[in-house]
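What follows is a single structure, written as structure tokens, with notes after it.
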Amino acid sequence: MAKLDEYRQYIKNLLQQHASIVWDNRIQAQTIFDTEHDHYQLVYVGWHEQDRIYGPVLHLDIINEKIWIQQDGTEVGIANELVELGVPKKDIILAFQLPSVRKYTDFAIN
């Protein structure tokens, strides 16, 4: 259970860090933490000139004690940030990759 609590805290901290970096003050970064079901998102909402900005930048789930990265719109890659915090690659799944392609990454397959 301690591992899961640690993973939850890592995810929350990283999403909050990314939320603090918004390139336009008309864009709102919203963090969504569903700790009961282990769903975590960072969503951008707002306007940039005439364009509506809305969508998930980051979406992570914890499933069977592994971190599933459903969406990663960052340049660095949140998987790399999790590894830097000490999360083993075997506990990170790049869910946005085709299952048949995951075996070619350094991360878990499922």
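Residue numbering restarts at 1 in every chain; chains get A, B, ... in the order shown in the structure tokens, and ligands count up from 1 in that same order.
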
Determine which residues of segment 7-43 of chain A receive a DSSP assignment of strand (DSSP E or B), computed from the backbone, and state them as a ChimeraX atom specification.
-> /A:27-34,39-43

Give me the residues within 10 Å of Leu42 of chain A as a PyMOL selection string, counting only C-alpha atoms and dropping any in the same chain fewer than 4 places off.
-> chain A and resi 12+14-16+18-19+29-33+55-60+71-73

Would you put the residues from that selection into a file with all heavy atoms, as a short mmCIF file (atom, residue, chain, number, x, y, z; two decimals), in the first residue's frame?
data_model
loop_
_atom_site.label_atom_id
_atom_site.label_comp_id
_atom_site.auth_asym_id
_atom_site.auth_seq_id
_atom_site.Cartn_x
_atom_site.Cartn_y
_atom_site.Cartn_z
N LYS A 12 0.39 13.38 -8.47
CA LYS A 12 -0.22 14.66 -8.09
C LYS A 12 0.81 15.79 -8.16
O LYS A 12 0.53 16.86 -8.71
CB LYS A 12 -0.81 14.59 -6.68
CG LYS A 12 -2.05 13.77 -6.57
CD LYS A 12 -2.52 13.80 -5.11
CE LYS A 12 -3.55 12.77 -4.83
NZ LYS A 12 -3.94 12.78 -3.41
N LEU A 14 3.62 15.97 -9.90
CA LEU A 14 4.02 16.25 -11.28
C LEU A 14 2.93 16.99 -12.04
O LEU A 14 3.22 17.94 -12.78
CB LEU A 14 4.38 14.95 -12.00
CG LEU A 14 5.70 14.32 -11.59
CD1 LEU A 14 5.87 12.94 -12.22
CD2 LEU A 14 6.88 15.22 -11.98
N LEU A 15 1.68 16.61 -11.86
CA LEU A 15 0.59 17.31 -12.54
C LEU A 15 0.49 18.76 -12.07
O LEU A 15 0.28 19.67 -12.86
CB LEU A 15 -0.73 16.57 -12.36
CG LEU A 15 -1.09 15.60 -13.47
CD1 LEU A 15 -0.06 14.52 -13.66
CD2 LEU A 15 -2.47 15.02 -13.28
N GLN A 16 0.67 18.97 -10.77
CA GLN A 16 0.64 20.34 -10.25
C GLN A 16 1.81 21.17 -10.78
O GLN A 16 1.65 22.35 -11.09
CB GLN A 16 0.62 20.33 -8.72
CG GLN A 16 -0.70 19.83 -8.17
CD GLN A 16 -0.67 19.57 -6.67
OE1 GLN A 16 0.37 19.30 -6.09
NE2 GLN A 16 -1.84 19.64 -6.05
N HIS A 18 3.32 20.74 -13.71
CA HIS A 18 3.01 21.05 -15.10
C HIS A 18 1.89 22.08 -15.19
O HIS A 18 1.89 22.91 -16.11
CB HIS A 18 2.64 19.78 -15.87
CG HIS A 18 3.83 18.94 -16.22
ND1 HIS A 18 4.61 19.20 -17.32
CD2 HIS A 18 4.38 17.86 -15.61
CE1 HIS A 18 5.59 18.31 -17.38
NE2 HIS A 18 5.48 17.49 -16.35
N ALA A 19 0.95 22.06 -14.27
CA ALA A 19 -0.15 23.02 -14.28
C ALA A 19 0.33 24.44 -14.00
O ALA A 19 -0.29 25.41 -14.43
CB ALA A 19 -1.21 22.62 -13.24
N ALA A 29 -5.17 25.91 -16.40
CA ALA A 29 -4.73 24.52 -16.22
C ALA A 29 -5.49 23.94 -15.03
O ALA A 29 -5.41 24.46 -13.93
CB ALA A 29 -3.23 24.47 -15.98
N GLN A 30 -6.23 22.88 -15.29
CA GLN A 30 -7.02 22.25 -14.24
C GLN A 30 -6.48 20.85 -13.95
O GLN A 30 -6.32 20.05 -14.86
CB GLN A 30 -8.49 22.14 -14.66
CG GLN A 30 -9.15 23.46 -14.91
CD GLN A 30 -10.60 23.30 -15.37
OE1 GLN A 30 -11.08 22.20 -15.63
NE2 GLN A 30 -11.29 24.42 -15.46
N THR A 31 -6.21 20.59 -12.69
CA THR A 31 -5.82 19.24 -12.29
C THR A 31 -7.05 18.52 -11.77
O THR A 31 -7.85 19.10 -11.03
CB THR A 31 -4.72 19.26 -11.22
OG1 THR A 31 -5.15 20.08 -10.12
CG2 THR A 31 -3.41 19.79 -11.77
N ILE A 32 -7.18 17.27 -12.17
CA ILE A 32 -8.32 16.46 -11.77
C ILE A 32 -7.76 15.20 -11.11
O ILE A 32 -7.05 14.43 -11.76
CB ILE A 32 -9.20 16.10 -12.98
CG1 ILE A 32 -9.68 17.39 -13.67
CG2 ILE A 32 -10.37 15.22 -12.57
CD1 ILE A 32 -10.26 17.17 -15.04
N PHE A 33 -8.07 15.02 -9.84
CA PHE A 33 -7.57 13.88 -9.08
C PHE A 33 -8.75 13.05 -8.58
O PHE A 33 -9.46 13.47 -7.69
CB PHE A 33 -6.75 14.34 -7.87
CG PHE A 33 -5.58 15.22 -8.20
CD1 PHE A 33 -5.22 16.23 -7.32
CD2 PHE A 33 -4.84 15.06 -9.35
CE1 PHE A 33 -4.12 17.05 -7.59
CE2 PHE A 33 -3.76 15.87 -9.64
CZ PHE A 33 -3.40 16.86 -8.75
N GLY A 55 -8.61 20.31 -23.60
CA GLY A 55 -8.22 18.92 -23.75
C GLY A 55 -7.21 18.50 -22.71
O GLY A 55 -6.55 19.31 -22.06
N PRO A 56 -7.10 17.19 -22.56
CA PRO A 56 -6.15 16.64 -21.59
C PRO A 56 -4.71 16.73 -22.12
O PRO A 56 -4.43 16.34 -23.25
CB PRO A 56 -6.59 15.20 -21.44
CG PRO A 56 -7.27 14.87 -22.73
CD PRO A 56 -7.87 16.14 -23.21
N VAL A 57 -3.85 17.26 -21.30
CA VAL A 57 -2.42 17.30 -21.60
C VAL A 57 -1.77 16.05 -21.02
O VAL A 57 -0.93 15.42 -21.65
CB VAL A 57 -1.77 18.57 -21.02
CG1 VAL A 57 -0.28 18.58 -21.27
CG2 VAL A 57 -2.45 19.80 -21.57
N LEU A 58 -2.19 15.69 -19.84
CA LEU A 58 -1.70 14.49 -19.17
C LEU A 58 -2.88 13.72 -18.59
O LEU A 58 -3.79 14.31 -18.03
CB LEU A 58 -0.74 14.85 -18.04
CG LEU A 58 0.61 15.41 -18.45
CD1 LEU A 58 1.30 16.08 -17.27
CD2 LEU A 58 1.48 14.29 -19.01
N HIS A 59 -2.84 12.41 -18.76
CA HIS A 59 -3.85 11.53 -18.17
C HIS A 59 -3.13 10.27 -17.73
O HIS A 59 -2.55 9.56 -18.56
CB HIS A 59 -4.94 11.21 -19.19
CG HIS A 59 -5.96 10.23 -18.68
ND1 HIS A 59 -7.08 9.93 -19.40
CD2 HIS A 59 -6.04 9.48 -17.55
CE1 HIS A 59 -7.80 9.04 -18.74
NE2 HIS A 59 -7.18 8.75 -17.61
N LEU A 60 -3.15 10.02 -16.44
CA LEU A 60 -2.52 8.83 -15.87
C LEU A 60 -3.53 8.08 -15.01
O LEU A 60 -4.37 8.70 -14.35
CB LEU A 60 -1.31 9.20 -15.01
CG LEU A 60 -0.13 9.84 -15.74
CD1 LEU A 60 -0.27 11.33 -15.81
CD2 LEU A 60 1.15 9.47 -15.06
N GLN A 71 -2.24 9.54 -21.76
CA GLN A 71 -1.99 10.69 -22.63
C GLN A 71 -0.79 11.45 -22.07
O GLN A 71 -0.71 11.67 -20.87
CB GLN A 71 -3.23 11.61 -22.68
CG GLN A 71 -3.02 12.95 -23.34
CD GLN A 71 -2.84 12.83 -24.85
OE1 GLN A 71 -3.24 11.86 -25.45
NE2 GLN A 71 -2.23 13.83 -25.45
N ASP A 72 0.11 11.83 -22.95
CA ASP A 72 1.27 12.63 -22.53
C ASP A 72 1.56 13.67 -23.60
O ASP A 72 2.10 13.36 -24.65
CB ASP A 72 2.49 11.73 -22.31
CG ASP A 72 3.68 12.50 -21.74
OD1 ASP A 72 3.62 13.75 -21.67
OD2 ASP A 72 4.67 11.85 -21.37
N GLY A 73 1.17 14.89 -23.32
CA GLY A 73 1.40 15.99 -24.25
C GLY A 73 2.57 16.87 -23.84
O GLY A 73 2.64 18.04 -24.22
#

Would you mind listing what lies within 12 Å of Glu6 of chain A as a PyMOL selection string, with only C-alpha atoms counted and same-chain residues fewer than 6 positions away left out?
-> chain A and resi 12-13+62+65-67+82+85-87

From segment 2-105 of chain A, collect each residue whose DSSP state is helix (DSSP H, G or I) and return the set as number ranges by chain.
-> A: 2-19, 78-84, 89-91, 99-102

Considering only C-alpha atoms, return as a PyMOL selection string whatever protein or nucleic-acid residues lie within 12 Å of Asn64 of chain A, sequence-local ones (same chain, fewer than 5 positions apart) excluded.
-> chain A and resi 1+3-4+37-38+91-93+110

Name all residues at most 12 Å from Gly46 of chain A (count only C-alpha atoms; drop same-chain ones fewer than 6 positions away) and give them as a ChimeraX atom specification.
-> /A:22-30,52-55

Export of prior selection with N, CA, C and O atoms as a PDB file, in the first residue's frame:
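Just written: part.pdb:
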ATOM      1  N   VAL A  22       1.906  27.624 -17.616  1.00  0.00           N
ATOM      2  CA  VAL A  22       0.934  27.901 -18.673  1.00  0.00           C
ATOM      3  C   VAL A  22       1.440  29.097 -19.471  1.00  0.00           C
ATOM      4  O   VAL A  22       1.854  30.101 -18.903  1.00  0.00           O
ATOM      5  N   TRP A  23       1.445  28.962 -20.793  1.00  0.00           N
ATOM      6  CA  TRP A  23       2.048  29.957 -21.671  1.00  0.00           C
ATOM      7  C   TRP A  23       1.175  31.182 -21.924  1.00  0.00           C
ATOM      8  O   TRP A  23       1.637  32.165 -22.479  1.00  0.00           O
ATOM      9  N   ASP A  24      -0.090  31.146 -21.495  1.00  0.00           N
ATOM     10  CA  ASP A  24      -1.026  32.231 -21.791  1.00  0.00           C
ATOM     11  C   ASP A  24      -1.972  32.371 -20.613  1.00  0.00           C
ATOM     12  O   ASP A  24      -2.584  31.388 -20.190  1.00  0.00           O
ATOM     13  N   ASN A  25      -2.138  33.587 -20.096  1.00  0.00           N
ATOM     14  CA  ASN A  25      -2.976  33.766 -18.908  1.00  0.00           C
ATOM     15  C   ASN A  25      -4.466  33.594 -19.192  1.00  0.00           C
ATOM     16  O   ASN A  25      -5.276  33.601 -18.279  1.00  0.00           O
ATOM     17  N   ARG A  26      -4.838  33.424 -20.471  1.00  0.00           N
ATOM     18  CA  ARG A  26      -6.238  33.135 -20.813  1.00  0.00           C
ATOM     19  C   ARG A  26      -6.520  31.629 -20.794  1.00  0.00           C
ATOM     20  O   ARG A  26      -7.645  31.203 -20.976  1.00  0.00           O
ATOM     21  N   ILE A  27      -5.469  30.848 -20.571  1.00  0.00           N
ATOM     22  CA  ILE A  27      -5.598  29.396 -20.504  1.00  0.00           C
ATOM     23  C   ILE A  27      -5.548  28.981 -19.036  1.00  0.00           C
ATOM     24  O   ILE A  27      -4.653  29.378 -18.300  1.00  0.00           O
ATOM     25  N   GLN A  28      -6.495  28.186 -18.644  1.00  0.00           N
ATOM     26  CA  GLN A  28      -6.541  27.685 -17.267  1.00  0.00           C
ATOM     27  C   GLN A  28      -6.096  26.223 -17.261  1.00  0.00           C
ATOM     28  O   GLN A  28      -6.576  25.420 -18.051  1.00  0.00           O
ATOM     29  N   ALA A  29      -5.172  25.906 -16.397  1.00  0.00           N
ATOM     30  CA  ALA A  29      -4.731  24.524 -16.221  1.00  0.00           C
ATOM     31  C   ALA A  29      -5.489  23.944 -15.029  1.00  0.00           C
ATOM     32  O   ALA A  29      -5.411  24.462 -13.925  1.00  0.00           O
ATOM     33  N   GLN A  30      -6.229  22.880 -15.286  1.00  0.00           N
ATOM     34  CA  GLN A  30      -7.024  22.246 -14.236  1.00  0.00           C
ATOM     35  C   GLN A  30      -6.483  20.854 -13.950  1.00  0.00           C
ATOM     36  O   GLN A  30      -6.315  20.050 -14.865  1.00  0.00           O
ATOM     37  N   ARG A  52     -10.359  27.876 -29.492  1.00  0.00           N
ATOM     38  CA  ARG A  52     -10.734  27.274 -28.222  1.00  0.00           C
ATOM     39  C   ARG A  52      -9.661  26.250 -27.845  1.00  0.00           C
ATOM     40  O   ARG A  52      -9.257  25.418 -28.652  1.00  0.00           O
ATOM     41  N   ILE A  53      -9.219  26.349 -26.619  1.00  0.00           N
ATOM     42  CA  ILE A  53      -8.250  25.402 -26.083  1.00  0.00           C
ATOM     43  C   ILE A  53      -8.987  24.544 -25.060  1.00  0.00           C
ATOM     44  O   ILE A  53      -9.536  25.059 -24.088  1.00  0.00           O
ATOM     45  N   TYR A  54      -9.033  23.260 -25.315  1.00  0.00           N
ATOM     46  CA  TYR A  54      -9.631  22.351 -24.351  1.00  0.00           C
ATOM     47  C   TYR A  54      -9.109  20.943 -24.619  1.00  0.00           C
ATOM     48  O   TYR A  54      -9.160  20.459 -25.747  1.00  0.00           O
ATOM     49  N   GLY A  55      -8.612  20.308 -23.600  1.00  0.00           N
ATOM     50  CA  GLY A  55      -8.215  18.921 -23.748  1.00  0.00           C
ATOM     51  C   GLY A  55      -7.213  18.495 -22.710  1.00  0.00           C
ATOM     52  O   GLY A  55      -6.554  19.313 -22.061  1.00  0.00           O
TER      53      GLY A  55
END

Could you work out how far atom CA of Ile63 of chain A lies from atom CA of Ile11 of chain A, giving the answer in Å with one decimal?
-> 13.4 Å

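Take atom CA of Phe96 of chain A and atom CA of Gln70 of chain A: the distance between them is 5.1 Å.
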
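Counting only C-alpha atoms, the residue from A:Thr35, A:Tyr104, A:Thr74, A:Ala95 that sits nearest to Gln17 of chain A is A:Thr74.
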
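Put simply, atom CA of Leu98 of chain A is 17.8 Å away from atom CA of Ile78 of chain A.
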
Write out as a list in words the residues lying within 10 Å of Thr105 of chain A, counting only C-alpha atoms and excluding same-chain residues fewer than 6 positions away.
->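 Counting only the stated atoms, we get Lys89, Ile93, Leu94 and Gln97 of chain A.
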